[in-house]
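Dropping my_file.cif in here (mmCIF, C-alpha atoms):
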```cif
data_target
loop_
_atom_site.label_atom_id
_atom_site.label_comp_id
_atom_site.auth_asym_id
_atom_site.auth_seq_id
_atom_site.Cartn_x
_atom_site.Cartn_y
_atom_site.Cartn_z
CA MET N 1 55.70 -33.34 -17.58
CA LEU N 2 54.28 -35.60 -14.92
CA ASP N 3 54.48 -39.31 -15.52
CA SER N 4 51.16 -41.16 -15.83
CA ALA N 5 52.42 -43.52 -13.14
CA PHE N 6 52.21 -40.60 -10.70
CA PHE N 7 48.48 -40.25 -11.24
CA ASP N 8 48.04 -44.01 -10.86
CA GLN N 9 49.38 -44.00 -7.30
CA VAL N 10 46.78 -45.08 -4.76
CA PHE N 11 46.14 -43.30 -1.47
CA TRP N 12 43.35 -44.44 0.88
CA GLY N 13 41.76 -46.60 -1.82
CA ASN N 14 41.74 -43.92 -4.56
CA THR N 15 44.21 -42.87 -7.23
CA ILE N 16 45.68 -39.37 -7.47
CA LYS N 17 43.86 -39.03 -10.80
CA ALA N 18 40.54 -39.70 -9.07
CA TYR N 19 41.33 -37.06 -6.43
CA CYS N 20 42.26 -34.55 -9.17
CA LEU N 21 39.00 -35.23 -11.03
CA PHE N 22 37.08 -34.93 -7.78
CA GLY N 23 38.67 -31.57 -6.96
CA GLY N 24 38.50 -30.24 -10.53
CA ILE N 25 34.79 -31.02 -11.03
CA LEU N 26 33.94 -29.63 -7.60
CA PHE N 27 35.98 -26.45 -8.17
CA PHE N 28 34.53 -25.63 -11.59
CA GLY N 29 31.00 -26.49 -10.42
CA LEU N 30 31.17 -24.18 -7.39
CA VAL N 31 32.92 -21.34 -9.21
CA PHE N 32 30.79 -21.27 -12.36
CA LYS N 33 27.39 -22.40 -11.01
CA ASN N 34 26.08 -18.83 -10.82
CA ILE N 35 27.19 -17.99 -14.38
CA VAL N 36 25.92 -21.28 -15.79
CA SER N 37 22.57 -20.94 -13.98
CA LYS N 38 21.98 -17.47 -15.50
CA LEU N 39 23.03 -18.75 -18.93
CA LEU N 40 20.66 -21.73 -18.70
CA SER N 41 17.86 -19.42 -17.51
CA LYS N 42 18.28 -17.20 -20.58
CA LEU N 43 18.41 -20.25 -22.86
CA LEU N 44 15.16 -21.55 -21.35
CA PHE N 45 13.61 -18.11 -21.77
CA LYS N 46 14.05 -18.41 -25.53
CA LEU N 47 11.46 -21.20 -25.45
CA PHE N 48 8.93 -18.70 -24.07
CA ARG N 49 9.92 -15.73 -26.22
CA ASN N 50 6.80 -15.97 -28.40
CA PHE N 51 4.62 -16.35 -25.32
CA SER N 52 6.18 -13.45 -23.44
CA ASN N 53 8.25 -10.42 -24.40
CA GLN N 54 11.69 -9.09 -23.60
CA SER N 55 10.42 -7.04 -20.65
CA HIS N 56 9.80 -10.26 -18.70
CA ASP N 57 13.36 -11.55 -19.20
CA ASP N 58 14.58 -10.38 -15.79
CA ALA N 59 11.55 -11.87 -14.02
CA PHE N 60 12.17 -15.26 -15.66
CA VAL N 61 15.87 -15.28 -14.74
CA ALA N 62 15.13 -14.19 -11.15
CA LEU N 63 12.68 -17.06 -10.71
CA LEU N 64 14.94 -19.76 -12.18
CA VAL N 65 18.44 -18.80 -10.99
CA LYS N 66 18.09 -20.30 -7.50
CA PRO N 67 16.62 -23.73 -8.44
CA ILE N 68 19.07 -24.09 -11.36
CA GLU N 69 21.95 -23.25 -9.01
CA VAL N 70 20.78 -25.99 -6.64
CA PHE N 71 20.48 -28.42 -9.56
CA ILE N 72 24.03 -27.60 -10.77
CA LEU N 73 25.42 -27.85 -7.24
CA LEU N 74 23.86 -31.27 -6.62
CA THR N 75 24.95 -32.53 -10.04
CA THR N 76 28.49 -31.26 -9.46
CA LEU N 77 28.70 -32.92 -6.05
CA TYR N 78 27.30 -36.17 -7.44
CA LEU N 79 29.75 -36.29 -10.38
CA SER N 80 32.74 -35.34 -8.23
CA ILE N 81 32.01 -37.83 -5.42
CA ASN N 82 31.47 -40.63 -7.93
CA GLN N 83 35.09 -40.25 -9.08
CA LEU N 84 36.11 -41.86 -5.79
CA LYS N 85 35.79 -45.52 -4.90
CA HIS N 86 36.79 -45.58 -1.24
CA PRO N 87 34.91 -45.45 1.07
CA LEU N 88 31.90 -45.53 -1.28
CA GLU N 89 32.27 -49.28 -1.84
CA VAL N 90 32.08 -50.09 1.86
CA THR N 91 28.91 -52.04 2.68
CA VAL N 92 26.88 -50.56 5.54
CA PHE N 93 23.93 -52.99 5.71
CA HIS N 94 21.98 -55.71 3.89
CA TYR N 95 18.29 -55.98 3.13
CA SER N 96 16.16 -58.85 1.91
CA LYS N 97 14.48 -58.68 -1.48
CA LEU N 98 12.23 -61.26 -3.14
CA ILE N 99 13.58 -62.06 -6.61
CA GLY N 100 11.21 -64.47 -8.32
CA LYS N 101 10.40 -66.93 -5.55
CA VAL N 102 13.77 -66.66 -3.83
CA LYS N 103 14.52 -64.14 -1.10
CA GLU N 104 18.04 -62.79 -1.50
CA SER N 105 20.21 -60.55 0.69
CA ILE N 106 21.16 -57.34 -1.11
CA PRO N 107 24.20 -55.39 0.14
CA VAL N 108 23.92 -51.61 0.40
CA SER N 109 27.12 -49.57 0.26
CA ILE N 110 27.85 -45.97 1.24
CA GLY N 111 27.88 -45.13 -2.48
CA ASP N 112 24.37 -46.56 -2.91
CA CYS N 113 23.07 -44.38 -0.08
CA ILE N 114 24.77 -41.29 -1.52
CA ASP N 115 23.33 -42.06 -4.97
CA ARG N 116 19.81 -42.19 -3.52
CA ILE N 117 20.30 -38.97 -1.57
CA PHE N 118 21.60 -37.09 -4.61
CA LEU N 119 18.91 -38.59 -6.86
CA PHE N 120 16.31 -37.40 -4.37
CA GLY N 121 17.75 -33.86 -4.39
CA ILE N 122 18.18 -33.70 -8.18
CA ILE N 123 14.57 -34.81 -8.81
CA LEU N 124 13.35 -32.21 -6.29
CA SER N 125 15.39 -29.47 -8.00
CA VAL N 126 14.01 -30.46 -11.43
CA PHE N 127 10.42 -30.20 -10.21
CA TRP N 128 11.34 -26.96 -8.41
CA ILE N 129 12.40 -25.57 -11.79
CA ILE N 130 9.10 -26.72 -13.33
CA LEU N 131 7.13 -25.01 -10.54
CA ARG N 132 9.08 -21.79 -11.08
CA ILE N 133 8.31 -21.94 -14.82
CA ILE N 134 4.62 -22.24 -13.90
CA ASP N 135 5.03 -19.17 -11.66
CA PHE N 136 6.53 -17.27 -14.59
CA ILE N 137 3.73 -18.30 -16.95
CA SER N 138 1.12 -17.16 -14.42
CA HIS N 139 3.08 -13.90 -13.95
CA VAL N 140 2.86 -13.17 -17.68
CA LEU N 141 -0.80 -14.20 -17.87
CA LEU N 142 -1.67 -11.96 -14.91
CA PHE N 143 0.11 -9.07 -16.61
CA LYS N 144 -1.87 -9.66 -19.80
CA ALA N 145 -5.10 -10.06 -17.80
CA SER N 146 -4.49 -6.70 -16.11
CA LEU N 147 -4.54 -5.04 -19.53
CA THR N 148 -8.11 -6.23 -20.17
CA GLY N 149 -11.28 -4.96 -18.54
CA ASN N 150 -12.51 -8.47 -17.75
CA LYS N 151 -11.97 -9.25 -14.06
CA ALA N 152 -12.70 -12.95 -14.63
CA ASP N 153 -9.19 -13.31 -16.13
CA ASP N 154 -7.62 -11.97 -12.92
CA GLN N 155 -9.57 -14.57 -10.96
CA LEU N 156 -8.99 -17.54 -13.29
CA VAL N 157 -5.19 -17.26 -13.65
CA PRO N 158 -4.32 -17.79 -9.91
CA PHE N 159 -6.77 -20.70 -9.75
CA LEU N 160 -5.25 -22.45 -12.79
CA LYS N 161 -1.78 -21.77 -11.38
CA GLU N 162 -2.66 -23.56 -8.13
CA LEU N 163 -4.32 -26.42 -10.02
CA LEU N 164 -1.30 -26.95 -12.27
CA LYS N 165 1.22 -26.68 -9.43
CA THR N 166 -0.75 -29.19 -7.34
CA THR N 167 -0.74 -31.62 -10.28
CA VAL N 168 3.02 -31.22 -10.73
CA ILE N 169 3.60 -31.80 -7.00
CA PHE N 170 1.61 -35.05 -7.15
CA ILE N 171 3.61 -36.19 -10.19
CA GLY N 172 6.85 -35.29 -8.41
CA PHE N 173 5.78 -37.22 -5.33
CA PHE N 174 5.11 -40.42 -7.29
CA THR N 175 8.34 -39.91 -9.27
CA LEU N 176 10.32 -39.84 -6.03
CA LEU N 177 8.56 -42.98 -4.82
CA GLY N 178 9.33 -44.80 -8.06
CA PHE N 179 12.94 -43.78 -8.75
CA VAL N 180 14.36 -43.17 -5.27
CA PHE N 181 12.46 -45.62 -3.06
CA GLU N 182 11.75 -48.16 -5.85
CA VAL N 183 8.05 -48.29 -5.04
CA ASN N 184 5.80 -49.82 -7.68
CA VAL N 185 3.69 -46.76 -8.41
CA LEU N 186 1.05 -48.63 -10.44
CA THR N 187 0.53 -51.08 -7.59
CA LEU N 188 0.30 -48.19 -5.15
CA ILE N 189 -2.31 -46.38 -7.24
CA THR N 190 -4.30 -49.62 -7.63
CA GLY N 191 -4.16 -50.09 -3.86
CA LEU N 192 -5.45 -46.57 -3.36
CA GLY N 193 -8.52 -47.56 -5.34
CA ILE N 194 -9.44 -50.04 -2.62
CA GLY N 195 -9.36 -47.36 0.04
CA GLY N 196 -10.83 -44.73 -2.23
CA ILE N 197 -14.18 -44.69 -0.45
CA ALA N 198 -12.55 -44.07 2.93
CA ILE N 199 -10.37 -41.32 1.48
CA ALA N 200 -13.36 -39.71 -0.25
CA LEU N 201 -15.32 -39.68 3.01
CA ALA N 202 -12.36 -38.21 4.88
CA ALA N 203 -11.91 -35.52 2.22
CA LYS N 204 -15.63 -34.83 1.80
CA GLU N 205 -15.44 -31.17 2.82
CA SER N 206 -12.34 -30.55 0.71
CA LEU N 207 -14.06 -32.06 -2.35
CA GLU N 208 -17.17 -29.95 -1.73
CA ASN N 209 -15.04 -26.81 -1.51
CA LEU N 210 -13.20 -27.79 -4.71
CA ILE N 211 -16.51 -28.28 -6.50
CA GLY N 212 -17.59 -24.94 -5.06
CA SER N 213 -14.58 -23.24 -6.63
CA PHE N 214 -15.46 -24.65 -10.06
CA THR N 215 -19.06 -23.48 -9.54
CA ILE N 216 -17.80 -19.96 -8.77
CA PHE N 217 -15.78 -19.88 -12.01
CA LEU N 218 -18.64 -21.26 -14.12
CA ASP N 219 -21.57 -19.36 -12.60
CA LYS N 220 -19.54 -16.18 -11.86
CA PRO N 221 -21.62 -14.76 -8.98
CA PHE N 222 -18.62 -12.50 -8.32
CA THR N 223 -15.09 -11.85 -9.55
CA VAL N 224 -11.88 -10.71 -7.89
CA GLY N 225 -12.25 -7.07 -6.87
CA ASP N 226 -16.03 -7.20 -6.29
CA LEU N 227 -17.52 -5.96 -3.02
CA VAL N 228 -19.61 -8.81 -1.57
CA LYS N 229 -21.52 -9.62 1.59
CA VAL N 230 -21.98 -13.23 2.73
CA ASP N 231 -22.66 -14.74 6.17
CA GLY N 232 -22.36 -11.31 7.76
CA VAL N 233 -18.92 -10.70 6.23
CA GLU N 234 -18.63 -7.70 3.92
CA GLY N 235 -15.51 -6.91 1.94
CA THR N 236 -13.60 -7.04 -1.34
CA VAL N 237 -12.78 -10.41 -2.91
CA GLU N 238 -9.00 -10.76 -3.23
CA LYS N 239 -8.50 -14.42 -4.18
CA VAL N 240 -10.50 -17.55 -5.03
CA GLY N 241 -8.54 -20.71 -4.23
CA PHE N 242 -9.15 -24.45 -4.22
CA ARG N 243 -10.70 -24.57 -0.78
CA SER N 244 -11.55 -21.04 0.19
CA THR N 245 -12.14 -17.45 -0.88
CA ARG N 246 -10.24 -14.59 0.75
CA ILE N 247 -12.09 -11.34 1.45
CA ARG N 248 -10.54 -8.06 2.59
CA THR N 249 -13.07 -6.56 5.01
CA SER N 250 -13.80 -2.88 5.54
CA GLU N 251 -11.72 -3.11 8.77
CA LYS N 252 -8.77 -4.19 6.54
CA THR N 253 -8.73 -7.68 8.05
CA MET N 254 -8.55 -10.83 5.92
CA ALA N 255 -11.56 -13.15 6.13
CA THR N 256 -11.27 -16.68 4.71
CA LEU N 257 -14.56 -18.36 3.79
CA PRO N 258 -14.92 -21.93 2.43
CA ASN N 259 -16.06 -22.00 -1.19
CA ARG N 260 -19.00 -24.20 -0.25
CA GLY N 261 -20.32 -21.43 2.01
CA MET N 262 -19.86 -18.86 -0.77
CA ILE N 263 -22.30 -20.70 -3.05
CA ASP N 264 -24.66 -22.26 -0.48
CA GLY N 265 -25.31 -19.11 1.54
CA VAL N 266 -27.08 -15.91 0.55
CA LEU N 267 -24.45 -13.85 -1.26
CA GLU N 268 -24.92 -10.18 -2.08
CA ASN N 269 -22.69 -8.73 -4.79
CA LEU N 270 -22.69 -5.10 -3.72
CA SER N 271 -20.59 -4.11 -6.74
CA LEU N 272 -23.54 -4.88 -9.04
CA ARG N 273 -25.96 -2.50 -7.36
CA ASN N 274 -26.85 0.69 -9.21
CA SER N 275 -27.55 2.83 -6.13
CA ARG N 276 -27.28 3.00 -2.33
CA LYS N 277 -30.46 3.23 -0.25
CA VAL N 278 -30.85 5.67 2.63
CA SER N 279 -33.79 5.20 5.01
CA PHE N 280 -34.48 6.85 8.36
CA VAL N 281 -37.21 8.47 10.51
CA ILE N 282 -37.16 11.95 12.03
CA GLY N 283 -39.41 13.16 14.84
CA LEU N 284 -41.01 16.63 14.84
CA THR N 285 -42.50 18.29 17.90
CA TYR N 286 -46.26 18.06 18.52
CA GLU N 287 -46.39 21.85 18.33
CA THR N 288 -45.92 21.55 14.56
CA SER N 289 -49.14 22.46 12.74
CA SER N 290 -50.57 20.27 9.99
CA ASP N 291 -49.86 22.96 7.38
CA SER N 292 -46.22 23.19 8.46
CA LEU N 293 -45.94 19.40 8.44
CA ARG N 294 -47.29 19.24 4.86
CA LYS N 295 -44.80 21.89 3.71
CA ILE N 296 -41.88 20.13 5.43
CA ILE N 297 -42.76 16.79 3.82
CA PHE N 298 -43.24 18.38 0.38
CA GLU N 299 -40.00 20.38 0.49
CA ILE N 300 -37.94 17.39 1.71
CA GLN N 301 -39.27 15.13 -1.04
CA ASP N 302 -38.86 17.83 -3.69
CA TYR N 303 -35.26 18.54 -2.63
CA ILE N 304 -34.32 14.83 -2.60
CA ASN N 305 -35.80 14.12 -6.03
CA HIS N 306 -34.10 17.11 -7.63
CA HIS N 307 -30.69 16.48 -6.09
CA GLN N 308 -28.16 15.53 -8.79
CA GLY N 309 -26.80 12.65 -6.70
CA THR N 310 -30.13 10.85 -6.13
CA SER N 311 -32.76 9.10 -8.19
CA ASP N 312 -36.20 10.66 -8.67
CA ASP N 313 -38.13 8.03 -6.69
CA GLY N 314 -37.36 9.28 -3.19
CA ASN N 315 -40.23 9.95 -0.80
CA ALA N 316 -41.07 11.52 2.52
CA SER N 317 -44.29 10.76 4.41
CA PHE N 318 -45.99 11.26 7.77
CA LYS N 319 -45.56 7.82 9.32
CA SER N 320 -47.04 7.82 12.81
CA PHE N 321 -47.70 9.60 16.09
CA GLY N 322 -44.76 8.78 18.30
CA ASP N 323 -44.35 8.97 22.05
CA SER N 324 -42.34 12.14 21.77
CA GLY N 325 -43.21 13.60 18.38
CA LEU N 326 -44.61 13.27 14.87
CA ASN N 327 -42.61 10.63 12.97
CA VAL N 328 -41.72 11.39 9.34
CA GLU N 329 -40.20 8.56 7.30
CA ILE N 330 -37.67 9.45 4.57
CA ASN N 331 -36.40 7.08 1.85
CA TYR N 332 -34.20 7.80 -1.15
CA PHE N 333 -31.47 6.25 -3.33
CA VAL N 334 -28.03 7.74 -3.97
CA THR N 335 -26.89 6.91 -7.50
CA VAL N 336 -23.21 7.62 -6.79
CA LEU N 337 -21.53 4.33 -5.80
CA ASN N 338 -18.23 5.77 -4.55
CA TYR N 339 -18.43 5.54 -0.77
CA ALA N 340 -16.77 8.89 -0.04
CA GLU N 341 -19.09 10.68 -2.48
CA PHE N 342 -22.07 8.82 -0.99
CA LEU N 343 -21.23 10.12 2.50
CA LYS N 344 -20.90 13.66 1.13
CA ILE N 345 -24.31 13.56 -0.59
CA ARG N 346 -26.02 12.05 2.47
CA GLN N 347 -24.57 14.82 4.61
CA GLU N 348 -25.81 17.53 2.20
CA ILE N 349 -29.34 16.12 2.30
CA ASN N 350 -29.35 15.80 6.10
CA LEU N 351 -28.23 19.40 6.55
CA GLU N 352 -30.91 20.62 4.10
CA ILE N 353 -33.58 18.67 6.02
CA MET N 354 -32.55 20.52 9.17
CA ASP N 355 -32.88 23.86 7.36
CA ILE N 356 -36.30 22.92 5.97
CA VAL N 357 -37.60 22.01 9.44
CA VAL N 358 -36.36 25.28 10.99
CA ARG N 359 -37.56 27.35 8.02
CA ASN N 360 -41.11 26.05 8.52
CA LYS N 361 -41.14 27.02 12.21
CA SER N 362 -40.84 23.51 13.58
CA ASP N 363 -38.23 21.63 15.57
CA PHE N 364 -36.99 18.13 16.15
CA ALA N 365 -38.60 16.20 18.97
CA TYR N 366 -36.71 14.39 21.67
CA PRO N 367 -37.95 12.10 24.44
CA THR N 368 -39.87 14.11 27.10
CA GLN N 369 -41.81 13.44 30.28
CA ARG N 370 -44.55 15.66 31.74
CA LEU N 371 -45.36 15.26 35.45
CA ILE N 372 -48.78 16.52 36.64
CA SER N 373 -49.18 17.00 40.38
CA ASP N 374 -52.52 17.12 42.24
CA LYS N 375 -51.00 19.25 45.05
CA PRO N 376 -52.38 22.84 44.97
CA ALA N 377 -49.96 25.47 43.82
CA THR N 378 -49.38 28.65 45.84
CA SER N 379 -51.49 30.60 43.35
CA GLY N 380 -54.29 28.07 43.60
CA GLY N 381 -55.36 25.28 41.23
CA LYS N 382 -53.33 22.39 39.89
CA GLU N 383 -49.63 22.67 39.14
CA GLU N 384 -48.03 21.22 36.02
CA VAL N 385 -44.35 20.44 36.20
CA GLY N 386 -42.53 19.78 32.94
CA ASN N 387 -39.46 17.56 33.09
CA ASP N 388 -37.64 17.07 29.80
CA ALA N 389 -35.09 14.29 29.48
CA THR N 390 -32.86 13.36 26.64
CA ASP N 391 -31.41 10.00 25.79
#
```
Output the file's structure as structure tokens, nothing else.
Amino acid sequence: MLDSAFFDQVFWGNTIKAYCLFGGILFFGLVFKNIVSKLLSKLLFKLFRNFSNQSHDDAFVALLVKPIEVFILLTTLYLSINQLKHPLEVTVFHYSKLIGKVKESIPVSIGDCIDRIFLFGIILSVFWIILRIIDFISHVLLFKASLTGNKADDQLVPFLKELLKTTVIFIGFFTLLGFVFEVNVLTLITGLGIGGIAIALAAKESLENLIGSFTIFLDKPFTVGDLVKVDGVEGTVEKVGFRSTRIRTSEKTMATLPNRGMIDGVLENLSLRNSRKVSFVIGLTYETSSDSLRKIIFEIQDYINHHQGTSDDGNASFKSFGDSGLNVEINYFVTVLNYAEFLKIRQEINLEIMDIVVRNKSDFAYPTQRLISDKPATSGGKEEVGNDATD
């Protein structure tokens, strides 16, 4: 059995006992940090068991293992290093501090610097764990929101997640200032009140966009998943954040619009429409008789109104005499909102219109030019030369 005097021997300012404690704490911390982090994650999960269910256990552990490992590692290093005295007691610099009315010189050792560094890292890891818990809560809430038919839940959860995480980050920032850098937080906040007007003016647009996000949640002009059109941008709403709204366009690009623009501009929620309008003009040749024109118009309107994919308020009418033909205007509404089905129905109607025109002994007009020459033809009289041109 080793004599206690052996452990009391001093080498380079530290006893053998201190070196053994240093090595032992460091060894067990590095070896068992992964096991301990998973164990602590499962213990923390028990606090949320009523809120969640067992199926989310793996998600919770996956989110918390890394920050808890960092926390254990920093704590292990801090406890092991603090078993040593040398060279931690060596003074590296002095700084002046006003105590009462007397300014005194305060020595700062290597150990003091290491304490501040580890305190900084430990506080960061604690708030990292809190942020990951918020991520888990939002993960569960999003899962529960997906089970309901209300899209407002899917939109509200990410927004509250960002709001809560931003609040925690601000609290963490002031905690670091107070405990690590010994800043008087109350004095700092009071001082911010003096420059509050300048800060508010500098952050005017950000505040307007934040207010815009609250307006979107309260007024609900759209929800996540709706097809909208605003400022010439058309697409599906994917996320509503603090400052902006993200829209996936029909070209599969991501458009980011400030929330202020979403509520100030003219916004069309295309998901709320009950039909799609189709409007166009066809030109028939001038050789078409009035009786044929009446039949064509009647048959087109009758076919549109009796089509199972359209409403019964479609119409076709003789609009005007065009430069190249008789213009017939056609308007109708497709009640099927699915875009692929809409294209199919529009194609069916267009093909039937072509058949109706041909069936009534008419044809579609195209731009033409007729040149009349005063030069006598070989057979005598005036010669007409027709020259047809297409666009």
Quiz item: Evaluating the PyMOL selection byres ((chain N and resi 36-43) around 12) on the displayed file yields which residues, as JSON, numbers by chain?
Solution: {"N": [28, 29, 30, 31, 32, 33, 34, 35, 44, 45, 46, 47, 48, 49, 54, 56, 57, 58, 59, 60, 61, 62, 63, 64, 65, 66, 67, 68, 69, 70, 71, 72, 73, 129, 132, 133, 136]}
Quiz item: Skipping near chain neighbours, those fewer than 6 positions away, what residues fall within 9 Å of stretch 313-318 of chain N using only C-alpha atoms, listed as an MDAnalysis selection string?
Solution: chainID N and resid 293:294 297:298 300:302 304:305 326:333
Export C-alpha atoms of the chosen residues as a PDB file, in the coordinates of the input?
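What landed in selection27.pdb:
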```pdb
ATOM      1  CA  LEU N 293     -45.940  19.400   8.440  1.00  0.00           C
ATOM      2  CA  ARG N 294     -47.290  19.240   4.860  1.00  0.00           C
ATOM      3  CA  ILE N 297     -42.760  16.790   3.820  1.00  0.00           C
ATOM      4  CA  PHE N 298     -43.240  18.380   0.380  1.00  0.00           C
ATOM      5  CA  ILE N 300     -37.940  17.390   1.710  1.00  0.00           C
ATOM      6  CA  GLN N 301     -39.270  15.130  -1.040  1.00  0.00           C
ATOM      7  CA  ASP N 302     -38.860  17.830  -3.690  1.00  0.00           C
ATOM      8  CA  ILE N 304     -34.320  14.830  -2.600  1.00  0.00           C
ATOM      9  CA  ASN N 305     -35.800  14.120  -6.030  1.00  0.00           C
ATOM     10  CA  LEU N 326     -44.610  13.270  14.870  1.00  0.00           C
ATOM     11  CA  ASN N 327     -42.610  10.630  12.970  1.00  0.00           C
ATOM     12  CA  VAL N 328     -41.720  11.390   9.340  1.00  0.00           C
ATOM     13  CA  GLU N 329     -40.200   8.560   7.300  1.00  0.00           C
ATOM     14  CA  ILE N 330     -37.670   9.450   4.570  1.00  0.00           C
ATOM     15  CA  ASN N 331     -36.400   7.080   1.850  1.00  0.00           C
ATOM     16  CA  TYR N 332     -34.200   7.800  -1.150  1.00  0.00           C
ATOM     17  CA  PHE N 333     -31.470   6.250  -3.330  1.00  0.00           C
TER      18      PHE N 333
END
```
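Atom to atom, atom CA of N:Ser271 and atom CA of N:Tyr303 stand 27.3 Å apart.
In terms of minimum interatomic distance to N:Gly322, N:Leu284 ranks closest within N:Val336, N:Val228, N:Ile356, N:Leu284, counting only C-alpha atoms.
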Exercise. Using the chain letters and numbers from the file, give me the residues hit by the PyMOL selection byres ((chain N and resi 354) around 12), as a list of chain:residue names.
Key: N:Ile282, N:Gly283, N:Leu284, N:Ile296, N:Glu299, N:Ile300, N:Gln347, N:Glu348, N:Ile349, N:Asn350, N:Leu351, N:Glu352, N:Ile353, N:Asp355, N:Ile356, N:Val357, N:Val358, N:Arg359, N:Asn360, N:Lys361, N:Ser362, N:Asp363, N:Phe364
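Coordinates place atom CA of N:Phe242 at a distance of 19.0 Å from atom CA of N:Leu141.
Atom CA of N:Leu272 sits 10.1 Å away from atom CA of N:Pro221.
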Need to verify the contact set: N:Phe217, 10 Å, only C-alpha atoms, exclusion of same-chain residues closer than 3 positions in sequence. Can you return it as an mmCIF file with C-alpha atoms, keeping the file's coordinate frame?
```cif
data_model
loop_
_atom_site.group_PDB
_atom_site.id
_atom_site.type_symbol
_atom_site.label_atom_id
_atom_site.label_comp_id
_atom_site.auth_asym_id
_atom_site.auth_seq_id
_atom_site.Cartn_x
_atom_site.Cartn_y
_atom_site.Cartn_z
ATOM 1 C CA ALA N 152 -12.700 -12.950 -14.630
ATOM 2 C CA GLN N 155 -9.570 -14.570 -10.960
ATOM 3 C CA LEU N 156 -8.990 -17.540 -13.290
ATOM 4 C CA PHE N 159 -6.770 -20.700 -9.750
ATOM 5 C CA GLY N 212 -17.590 -24.940 -5.060
ATOM 6 C CA SER N 213 -14.580 -23.240 -6.630
ATOM 7 C CA PHE N 214 -15.460 -24.650 -10.060
ATOM 8 C CA LYS N 220 -19.540 -16.180 -11.860
ATOM 9 C CA PRO N 221 -21.620 -14.760 -8.980
ATOM 10 C CA PHE N 222 -18.620 -12.500 -8.320
ATOM 11 C CA THR N 223 -15.090 -11.850 -9.550
ATOM 12 C CA VAL N 240 -10.500 -17.550 -5.030
#
```
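Taken over the whole file, the PyMOL selection byres ((chain N and resi 180) around 12) covers exactly Asp112, Cys113, Ile114, Asp115, Arg116, Ile117, Phe118, Leu119, Phe120, Gly121, Ile122, Ile123, Leu124, Gly172, Phe173, Phe174, Thr175, Leu176, Leu177, Gly178, Phe179, Phe181, Glu182, Val183, Asn184 and Val185 of chain N.
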Please, what is the axis-aligned box for every listed atom of stretch 66-75 of chain N with 3 Å on each side, as centre and edge lengths in Å to one decimal, as AutoDock Vina command-line options?
```
--center_x 21.0 --center_y -26.4 --center_z -9.0 --size_x 14.8 --size_y 18.2 --size_z 10.7
```
